[in-house]
$ cat data_32.cif   # mmCIF, C-alpha atoms
data_start
loop_
_atom_site.label_atom_id
_atom_site.label_comp_id
_atom_site.auth_asym_id
_atom_site.auth_seq_id
_atom_site.Cartn_x
_atom_site.Cartn_y
_atom_site.Cartn_z
CA MET A 479 -69.86 80.94 153.41
CA ALA A 480 -68.52 78.39 155.78
CA ARG A 481 -69.42 75.49 153.45
CA ASN A 482 -66.71 76.56 150.94
CA LYS A 483 -64.05 75.34 153.32
CA ARG A 484 -64.88 71.72 152.54
CA ALA A 485 -61.91 70.01 150.81
CA THR A 486 -62.49 68.44 147.39
CA PRO A 487 -62.45 64.66 147.69
CA GLU A 488 -59.49 62.87 146.14
CA ILE A 489 -60.17 61.23 142.77
CA ASN A 490 -60.05 57.48 143.04
CA ALA A 491 -57.22 56.25 140.80
CA GLY A 492 -57.79 52.60 141.56
CA SER A 493 -59.29 51.89 138.13
CA MET A 494 -56.47 53.58 136.27
CA ALA A 495 -54.62 50.28 135.99
CA ASP A 496 -57.69 48.62 134.50
CA ILE A 497 -58.06 51.33 131.88
CA ALA A 498 -54.40 51.10 130.98
CA PHE A 499 -54.61 47.32 130.73
CA LEU A 500 -57.59 47.64 128.43
CA LEU A 501 -55.65 49.95 126.13
CA LEU A 502 -52.62 47.69 126.27
CA ILE A 503 -54.62 44.64 125.26
CA PHE A 504 -56.27 46.61 122.45
CA PHE A 505 -52.88 47.50 121.01
CA LEU A 506 -51.55 43.98 121.44
CA VAL A 507 -54.44 42.61 119.42
CA THR A 508 -54.63 45.18 116.62
CA THR A 509 -50.95 45.59 115.84
CA THR A 510 -48.22 43.37 114.47
CA MET A 511 -44.59 43.42 115.34
CA ASP A 512 -43.05 42.15 112.12
CA VAL A 513 -40.32 44.41 110.85
CA ASP A 514 -40.14 44.02 107.14
CA LYS A 515 -36.74 43.15 105.77
CA GLY A 516 -35.55 41.76 102.52
CA LEU A 517 -33.14 41.74 99.62
CA ALA A 518 -33.18 45.05 97.80
CA VAL A 519 -33.07 44.68 94.04
CA ARG A 520 -33.32 47.15 91.19
CA LEU A 521 -35.12 45.94 88.10
CA PRO A 522 -34.07 47.07 84.62
CA PRO A 523 -36.49 49.44 82.88
CA TRP A 524 -39.05 47.88 80.58
CA SER A 525 -38.52 47.98 76.84
CA GLU A 526 -40.87 46.53 74.26
CA GLU A 527 -38.29 45.29 71.81
CA PRO A 528 -35.72 42.79 73.07
CA GLN A 529 -32.33 44.23 73.88
CA ASP A 530 -29.83 43.83 71.09
CA GLU A 531 -27.19 41.33 72.03
CA SER A 532 -24.42 43.09 70.14
CA ASN A 533 -22.68 44.52 73.17
CA ASP A 534 -18.94 44.69 73.53
CA ILE A 535 -18.67 42.95 76.89
CA LYS A 536 -15.98 40.32 76.84
CA GLU A 537 -17.13 36.88 77.79
CA LYS A 538 -14.45 36.54 80.45
CA ASN A 539 -15.97 39.52 82.27
CA ILE A 540 -19.29 37.76 82.71
CA PHE A 541 -19.80 35.33 85.56
CA VAL A 542 -22.67 33.16 84.43
CA VAL A 543 -24.85 31.50 87.05
CA LEU A 544 -27.58 29.23 85.73
CA VAL A 545 -30.21 27.63 87.93
CA ASN A 546 -32.41 24.88 86.53
CA ALA A 547 -35.85 23.63 87.52
CA ASN A 548 -34.30 21.09 89.89
CA ASN A 549 -32.59 23.96 91.75
CA ASP A 550 -29.11 22.86 90.57
CA LEU A 551 -26.45 25.42 89.85
CA LEU A 552 -24.25 25.68 86.80
CA VAL A 553 -21.60 28.32 87.39
CA GLU A 554 -19.18 29.13 84.55
CA ASP A 555 -19.84 25.66 83.04
CA ASP A 556 -19.16 23.91 86.35
CA TYR A 557 -21.57 22.24 88.69
CA LEU A 558 -21.32 24.00 92.03
CA SER A 559 -23.18 23.56 95.26
CA ILE A 560 -24.66 26.66 96.83
CA ASP A 561 -22.00 26.94 99.55
CA GLN A 562 -19.25 27.22 96.93
CA LEU A 563 -20.95 30.00 94.99
CA ARG A 564 -19.98 32.88 97.26
CA SER A 565 -16.23 32.23 97.16
CA ALA A 566 -16.34 31.53 93.40
CA ALA A 567 -18.06 34.88 92.84
CA LYS A 568 -15.57 36.64 95.11
CA ASP A 569 -12.60 35.13 93.25
CA PHE A 570 -14.14 36.25 89.97
CA ILE A 571 -14.81 39.86 91.06
CA ASP A 572 -11.48 40.26 92.80
CA ASN A 573 -9.45 38.64 89.98
CA ASN A 574 -8.08 41.93 88.58
CA GLY A 575 -6.82 40.47 85.27
CA ASP A 576 -5.60 43.78 83.80
CA GLY A 577 -4.04 45.02 87.04
CA THR A 578 -5.88 48.37 87.14
CA CYS A 579 -7.51 47.73 90.51
CA GLU A 580 -5.00 48.69 93.18
CA VAL A 581 -6.97 47.28 96.11
CA CYS A 582 -7.75 43.87 94.64
CA ARG A 583 -5.91 40.81 95.84
CA GLY A 584 -7.07 38.37 93.18
CA LEU A 585 -5.02 35.82 91.30
CA GLN A 586 -4.90 37.92 88.10
CA LEU A 587 -5.87 34.97 85.93
CA PRO A 588 -6.12 35.93 82.25
CA SER A 589 -9.24 33.80 81.88
CA SER A 590 -11.21 35.61 84.58
CA SER A 591 -12.49 39.18 84.95
CA ASP A 592 -10.40 42.26 84.04
CA ASN A 593 -11.32 44.36 87.09
CA PRO A 594 -14.26 44.74 89.48
CA LYS A 595 -15.69 47.63 87.46
CA LYS A 596 -15.99 45.43 84.39
CA ALA A 597 -16.99 42.23 86.16
CA ILE A 598 -20.64 41.35 85.74
CA LEU A 599 -22.46 38.68 87.67
CA SER A 600 -25.18 37.33 85.44
CA MET A 601 -27.83 34.97 86.68
CA GLN A 602 -30.50 33.17 84.80
CA ASN A 603 -33.07 30.80 86.19
CA ASP A 604 -35.69 28.47 84.87
CA ARG A 605 -39.39 29.18 85.29
CA GLY A 606 -39.54 26.06 87.43
CA THR A 607 -36.84 27.16 89.87
CA ASN A 608 -37.99 27.50 93.45
CA TYR A 609 -38.30 31.01 94.80
CA SER A 610 -36.22 30.08 97.85
CA THR A 611 -33.36 28.90 95.64
CA TYR A 612 -33.53 32.08 93.63
CA VAL A 613 -33.39 34.22 96.77
CA THR A 614 -30.50 32.18 98.13
CA VAL A 615 -28.48 32.50 94.92
CA ARG A 616 -29.21 36.19 94.71
CA ASN A 617 -28.25 36.49 98.37
CA GLU A 618 -24.91 34.78 97.72
CA LEU A 619 -24.10 37.12 94.83
CA ILE A 620 -24.85 40.17 96.98
CA ALA A 621 -22.90 38.59 99.83
CA ALA A 622 -19.84 38.20 97.59
CA TYR A 623 -19.83 41.96 97.05
CA SER A 624 -20.45 42.81 100.68
CA GLU A 625 -17.66 40.51 101.84
CA LEU A 626 -15.20 42.17 99.46
CA ARG A 627 -16.35 45.60 100.64
CA GLN A 628 -16.06 44.54 104.25
CA ASP A 629 -12.50 43.25 103.66
CA LEU A 630 -11.52 46.51 102.02
CA ALA A 631 -13.12 48.57 104.78
CA LEU A 632 -11.09 46.70 107.38
CA ARG A 633 -7.86 47.09 105.43
CA ARG A 634 -8.35 50.75 104.53
CA PHE A 635 -10.11 52.19 107.54
CA GLY A 636 -9.79 49.48 110.15
CA ILE A 637 -13.51 49.45 110.93
CA ASP A 638 -16.53 47.53 109.75
CA TYR A 639 -18.19 48.59 106.51
CA THR A 640 -21.47 49.16 108.31
CA ASP A 641 -19.83 51.63 110.72
CA LEU A 642 -18.28 53.74 107.95
CA SER A 643 -19.37 57.27 107.09
CA ASP A 644 -21.27 57.80 103.85
CA GLU A 645 -18.24 59.21 102.02
CA SER A 646 -15.93 56.35 102.99
CA ARG A 647 -18.64 53.92 102.00
CA LYS A 648 -18.94 55.58 98.59
CA GLU A 649 -15.18 55.34 98.20
CA ILE A 650 -15.30 51.61 98.82
CA ASN A 651 -18.36 51.10 96.62
CA ALA A 652 -16.45 52.79 93.80
CA PHE A 653 -13.83 50.04 93.99
CA TYR A 654 -16.42 47.30 94.06
CA PRO A 655 -19.57 48.48 92.26
CA GLN A 656 -22.34 45.93 92.56
CA ILE A 657 -23.16 44.76 89.04
CA ILE A 658 -25.64 41.89 88.99
CA SER A 659 -27.65 41.33 85.88
CA GLU A 660 -30.57 39.03 85.42
CA ALA A 661 -31.55 37.45 82.15
CA GLU A 662 -35.14 36.63 81.28
CA PRO A 663 -35.99 33.22 82.67
CA VAL A 664 -36.13 30.34 80.26
CA LYS A 665 -38.68 27.60 80.14
CA ILE A 666 -37.04 24.25 79.74
CA GLY A 667 -39.77 21.99 80.99
CA GLY A 668 -41.26 22.24 84.44
CA MET B 1106 -38.06 40.98 174.66
CA SER B 1107 -41.79 41.12 174.68
CA LYS B 1108 -41.50 44.85 174.85
CA PHE B 1109 -40.72 45.00 171.12
CA SER B 1110 -42.77 42.17 169.69
CA SER B 1111 -46.01 43.08 171.36
CA LYS B 1112 -46.26 46.38 169.53
CA LYS B 1113 -46.03 44.88 166.02
CA PRO B 1114 -49.31 44.16 164.20
CA LYS B 1115 -49.74 40.55 163.21
CA GLU B 1116 -51.30 40.86 159.69
CA ILE B 1117 -49.19 41.38 156.53
CA PRO B 1118 -49.62 44.86 155.03
CA ALA B 1119 -51.30 45.06 151.58
CA VAL B 1120 -48.98 45.41 148.58
CA ASN B 1121 -48.92 48.98 147.35
CA THR B 1122 -50.41 49.02 143.84
CA ALA B 1123 -50.15 52.75 143.27
CA SER B 1124 -47.40 52.31 140.67
CA LEU B 1125 -49.26 49.59 138.74
CA PRO B 1126 -50.84 52.06 136.28
CA ASP B 1127 -47.42 53.52 135.59
CA ILE B 1128 -45.99 50.11 134.79
CA VAL B 1129 -48.88 49.24 132.53
CA PHE B 1130 -48.68 52.58 130.75
CA MET B 1131 -45.01 51.99 130.17
CA LEU B 1132 -45.80 48.64 128.55
CA LEU B 1133 -48.55 50.28 126.54
CA PHE B 1134 -46.25 52.94 125.15
CA PHE B 1135 -43.62 50.34 124.37
CA PHE B 1136 -46.07 48.38 122.26
CA MET B 1137 -47.49 51.49 120.64
CA VAL B 1138 -44.04 52.52 119.50
CA THR B 1139 -42.63 49.16 118.38
CA THR B 1140 -45.62 47.72 116.55
CA THR B 1141 -47.59 48.66 113.48
CA MET B 1142 -51.26 48.34 112.75
CA ARG B 1143 -52.38 45.04 111.28
CA ASP B 1144 -53.71 46.29 107.97
CA LEU B 1145 -55.06 43.37 106.03
CA GLU B 1146 -56.20 39.82 106.23
CA MET B 1147 -53.92 37.25 104.66
CA LEU B 1148 -55.61 35.17 102.00
CA VAL B 1149 -52.48 33.30 100.98
CA GLY B 1150 -50.01 31.46 103.18
CA VAL B 1151 -46.54 32.93 103.02
CA LEU B 1152 -43.43 31.39 104.53
CA LYS B 1153 -40.67 33.85 103.75
CA PRO B 1154 -37.32 32.57 102.47
CA LYS B 1155 -34.19 33.12 104.53
CA ALA B 1156 -31.35 35.44 103.59
CA THR B 1157 -28.33 37.02 105.21
CA GLU B 1158 -27.83 40.18 103.13
CA ILE B 1159 -31.07 41.79 104.17
CA GLN B 1160 -31.95 45.43 104.45
CA LYS B 1161 -34.69 47.11 106.37
CA ILE B 1162 -37.47 48.93 104.60
CA GLU B 1163 -36.97 52.57 105.52
CA ARG B 1164 -40.37 53.94 104.66
CA LYS B 1165 -43.22 51.53 105.17
CA ASP B 1166 -45.75 54.13 104.04
CA LEU B 1167 -44.04 54.30 100.64
CA THR B 1168 -44.03 50.55 100.22
CA THR B 1169 -46.64 48.43 98.52
CA TYR B 1170 -46.85 44.75 99.28
CA ILE B 1171 -47.57 41.94 96.88
CA TYR B 1172 -48.23 38.58 98.50
CA VAL B 1173 -47.70 35.37 96.58
CA GLY B 1174 -48.52 31.96 97.95
CA THR B 1175 -50.97 29.09 98.15
CA PRO B 1176 -54.49 30.28 99.07
CA ASN B 1177 -55.52 29.50 102.62
CA ASN B 1178 -58.97 28.59 101.42
CA THR B 1179 -57.99 25.85 98.97
CA GLU B 1180 -61.60 24.72 98.47
CA SER B 1181 -62.61 27.98 96.81
CA TYR B 1182 -59.38 29.08 95.22
CA GLY B 1183 -57.47 25.88 94.52
CA SER B 1184 -53.97 25.00 95.57
CA GLU B 1185 -52.05 26.80 92.84
CA PRO B 1186 -50.06 29.81 94.14
CA ARG B 1187 -52.00 33.06 93.74
CA VAL B 1188 -51.25 36.74 93.98
CA GLN B 1189 -52.84 38.82 96.74
CA LEU B 1190 -53.19 42.53 96.10
CA ASP B 1191 -54.48 44.41 99.12
CA ASP B 1192 -57.26 42.29 100.54
CA GLN B 1193 -58.25 40.28 97.51
CA LEU B 1194 -56.74 37.71 95.21
CA GLY B 1195 -55.80 39.09 91.84
CA LEU B 1196 -54.29 38.01 88.58
CA VAL B 1197 -50.75 38.70 87.46
CA SER B 1198 -52.17 41.03 84.81
CA ASP B 1199 -53.73 43.18 87.58
CA VAL B 1200 -50.35 43.91 89.16
CA GLN B 1201 -49.39 46.71 86.80
CA ALA B 1202 -52.61 48.69 87.36
CA PHE B 1203 -52.49 48.02 91.11
CA VAL B 1204 -48.93 49.28 91.48
CA ILE B 1205 -49.61 52.39 89.38
CA LEU B 1206 -52.71 53.12 91.48
CA LYS B 1207 -50.74 52.72 94.70
CA ARG B 1208 -48.02 55.01 93.46
CA GLU B 1209 -50.56 57.67 92.52
CA GLU B 1210 -51.68 57.78 96.14
CA ILE B 1211 -48.24 58.95 97.27
CA ASN B 1212 -47.17 62.55 97.45
CA GLU B 1213 -45.47 63.45 94.19
CA LYS B 1214 -42.25 64.49 95.90
CA GLU B 1215 -41.75 61.09 97.46
CA ARG B 1216 -42.70 58.99 94.45
CA PRO B 1217 -39.08 58.19 93.50
CA LYS B 1218 -38.77 56.41 96.84
CA PHE B 1219 -41.73 54.19 96.03
CA MET B 1220 -40.94 50.56 96.58
CA VAL B 1221 -42.63 47.24 96.06
CA SER B 1222 -42.05 44.42 98.50
CA ILE B 1223 -42.72 40.94 97.16
CA LYS B 1224 -43.69 38.62 99.96
CA ALA B 1225 -43.63 35.25 98.32
CA ASP B 1226 -43.71 31.76 99.73
CA VAL B 1227 -40.58 29.58 99.49
CA ASN B 1228 -42.33 26.98 97.33
CA VAL B 1229 -43.57 29.37 94.66
CA LYS B 1230 -42.00 28.73 91.27
CA MET B 1231 -39.98 31.47 89.63
CA GLY B 1232 -42.27 31.54 86.58
CA LEU B 1233 -44.94 33.38 88.54
CA ILE B 1234 -42.43 35.69 90.21
CA SER B 1235 -40.85 36.51 86.84
CA ASP B 1236 -44.26 37.41 85.43
CA ILE B 1237 -44.83 39.74 88.38
CA LYS B 1238 -41.40 41.26 87.83
CA GLN B 1239 -42.26 41.93 84.18
CA GLU B 1240 -45.48 43.64 85.27
CA LEU B 1241 -43.53 45.78 87.74
CA ARG B 1242 -41.09 46.76 85.04
CA LYS B 1243 -44.00 47.76 82.81
CA ALA B 1244 -45.37 49.87 85.68
CA GLN B 1245 -41.95 51.52 86.10
CA ALA B 1246 -41.78 50.28 89.69
CA LEU B 1247 -38.14 49.30 89.64
CA LYS B 1248 -37.29 49.33 93.32
CA VAL B 1249 -38.14 45.89 94.55
CA MET B 1250 -37.57 44.09 97.81
CA TYR B 1251 -37.69 40.32 98.14
CA SER B 1252 -39.05 40.03 101.62
CA SER B 1253 -37.04 37.50 103.63
CA SER B 1254 -36.41 36.57 107.20
CA PRO B 1255 -32.90 36.78 108.62
CA ALA B 1256 -30.85 33.58 108.66
CA SER B 1257 -28.57 33.14 111.64
CA SER B 1258 -25.63 32.06 109.47
CA ALA B 1259 -24.75 31.12 105.92
CA GLU B 1260 -24.80 27.42 106.85
CA ASP B 1261 -28.32 27.83 108.14
CA LEU B 1262 -29.23 29.34 104.79
CA TYR B 1263 -27.78 26.49 102.71
CA ARG B 1264 -29.55 23.93 104.83
CA SER B 1265 -32.90 25.59 104.30
CA MET B 1266 -32.56 25.51 100.54
#

$ encode --input "data_32.cif" --output "structure tokens"
Amino acid sequence: MARNKRATPEINAGSMADIAFLLLIFFLVTTTMDVDKGLAVRLPPWSEEPQDESNDIKEKNIFVVLVNANNDLLVEDDYLSIDQLRSAAKDFIDNNGDGTCEVCRGLQLPSSSDNPKKAILSMQNDRGTNYSTYVTVRNELIAAYSELRQDLALRRFGIDYTDLSDESRKEINAFYPQIISEAEPVKIGG
Amino acid sequence: MSKFSSKKPKEIPAVNTASLPDIVFMLLFFFMVTTTMRDLEMLVGVLKPKATEIQKIERKDLTTYIYVGTPNNTESYGSEPRVQLDDQLGLVSDVQAFVILKREEINEKERPKFMVSIKADVNVKMGLISDIKQELRKAQALKVMYSSSPASSAEDLYRSM
């Protein structure tokens, strides 16, 4: 038939933009963009009976950080402000009192920690401490470890810790294992 | 001279909008990829603390969120910080059951990667957070993330404290 020769009319794509805009606005409204980030922490397993205190950790290997209800810090029996905490923690971890850590560059004070594997950062806070202070203190303790690891990565491999391969990272973590312990909070008023 | 100018039409040609859908689709795909669905309504106000040593949550689908803050509707719920579990306010004693329930929903193989993200307001006292932590320990949910926003520098962090 001759009528078959008629060309199919072109589909009008003028409204395509409107449809796409509609979809775009739908997604803008129903979704959020916040990427969730935070401080990763591992809690100790629960036990009904309180842990027995008779452990053989030497007192000089424990770096005690206390935070009271007024958000003040008491670090190793000294009042410190928050900006001094990081370097104090680094000095403590890197002290290398018994000389077994070949990568440490600490002062080797007999009164401070034996080596990074034995050094424990211990923090205890009051029930009235602000959450922001707690996170900041915790952040500083983690930062002390990551700064030491970063230093070592630069010395040993010449590149940033974050750019290292998994094996090299493990090697560095073995020198500076992150040991942060948290005591049960106390309630001293507030 | 008039030989050239006389041939040109006087009106400005219409802007070609044929590529407009392509541009909009590109935007659409960008937003579809970079954003996530808004899943629940916030009943408590949360201003996250700042931190520098932050890590990204790798698997959002394996993460359960616990919100802690002052209720938005202070007339009904008071101004004391409360715990929000999913889309309702709960008690600290509900946390253990809630976390266990959430973990049960996950494929057994991936349960070790289960993580709890605590989104708490800066002004919450640690007493409440400690109680939540105890509940999490009882529920054997030991991987915890303190949700925080990135601080530009350490000085910025100390100032905000």

$ interface_residues --input "data_32.cif" --of "chain B" --to "chain A" --cutoff "8 Å" --atoms "all atoms listed in the file" --output "ChimeraX atom specification"
/B:1123,1125-1127,1129-1130,1132-1133,1136-1137,1139-1143,1154-1162,1225-1235,1238-1239,1242-1243,1245,1247-1255,1260,1262-1263,1266

$ residues_near_point --input "data_32.cif" --point "(-28.3, 31.5, 88.4)" --cutoff "9 Å" --atoms "only C-alpha atoms" --output "PDB file with C-alpha atoms, in the coordinates of the input"
ATOM      1  CA  VAL A 542     -22.670  33.160  84.430  1.00  0.00           C
ATOM      2  CA  VAL A 543     -24.850  31.500  87.050  1.00  0.00           C
ATOM      3  CA  LEU A 544     -27.580  29.230  85.730  1.00  0.00           C
ATOM      4  CA  VAL A 545     -30.210  27.630  87.930  1.00  0.00           C
ATOM      5  CA  ASN A 546     -32.410  24.880  86.530  1.00  0.00           C
ATOM      6  CA  ASP A 550     -29.110  22.860  90.570  1.00  0.00           C
ATOM      7  CA  LEU A 551     -26.450  25.420  89.850  1.00  0.00           C
ATOM      8  CA  LEU A 552     -24.250  25.680  86.800  1.00  0.00           C
ATOM      9  CA  VAL A 553     -21.600  28.320  87.390  1.00  0.00           C
ATOM     10  CA  SER A 600     -25.180  37.330  85.440  1.00  0.00           C
ATOM     11  CA  MET A 601     -27.830  34.970  86.680  1.00  0.00           C
ATOM     12  CA  GLN A 602     -30.500  33.170  84.800  1.00  0.00           C
ATOM     13  CA  ASN A 603     -33.070  30.800  86.190  1.00  0.00           C
ATOM     14  CA  ASP A 604     -35.690  28.470  84.870  1.00  0.00           C
ATOM     15  CA  TYR A 612     -33.530  32.080  93.630  1.00  0.00           C
ATOM     16  CA  VAL A 615     -28.480  32.500  94.920  1.00  0.00           C
ATOM     17  CA  ARG A 616     -29.210  36.190  94.710  1.00  0.00           C
ATOM     18  CA  GLU A 660     -30.570  39.030  85.420  1.00  0.00           C
TER      19      GLU A 660
END

$ atom_distance --input "data_32.cif" --atom1 "CA of Phe541 (chain A)" --atom2 "CA of Leu1241 (chain B)"
26.0 Å

$ atom_distance --input "data_32.cif" --atom1 "CA of Asp572 (chain A)" --atom2 "CA of Ile658 (chain A)"
14.8 Å

$ atom_distance --input "data_32.cif" --atom1 "CA of Arg627 (chain A)" --atom2 "CA of Pro655 (chain A)"
9.4 Å
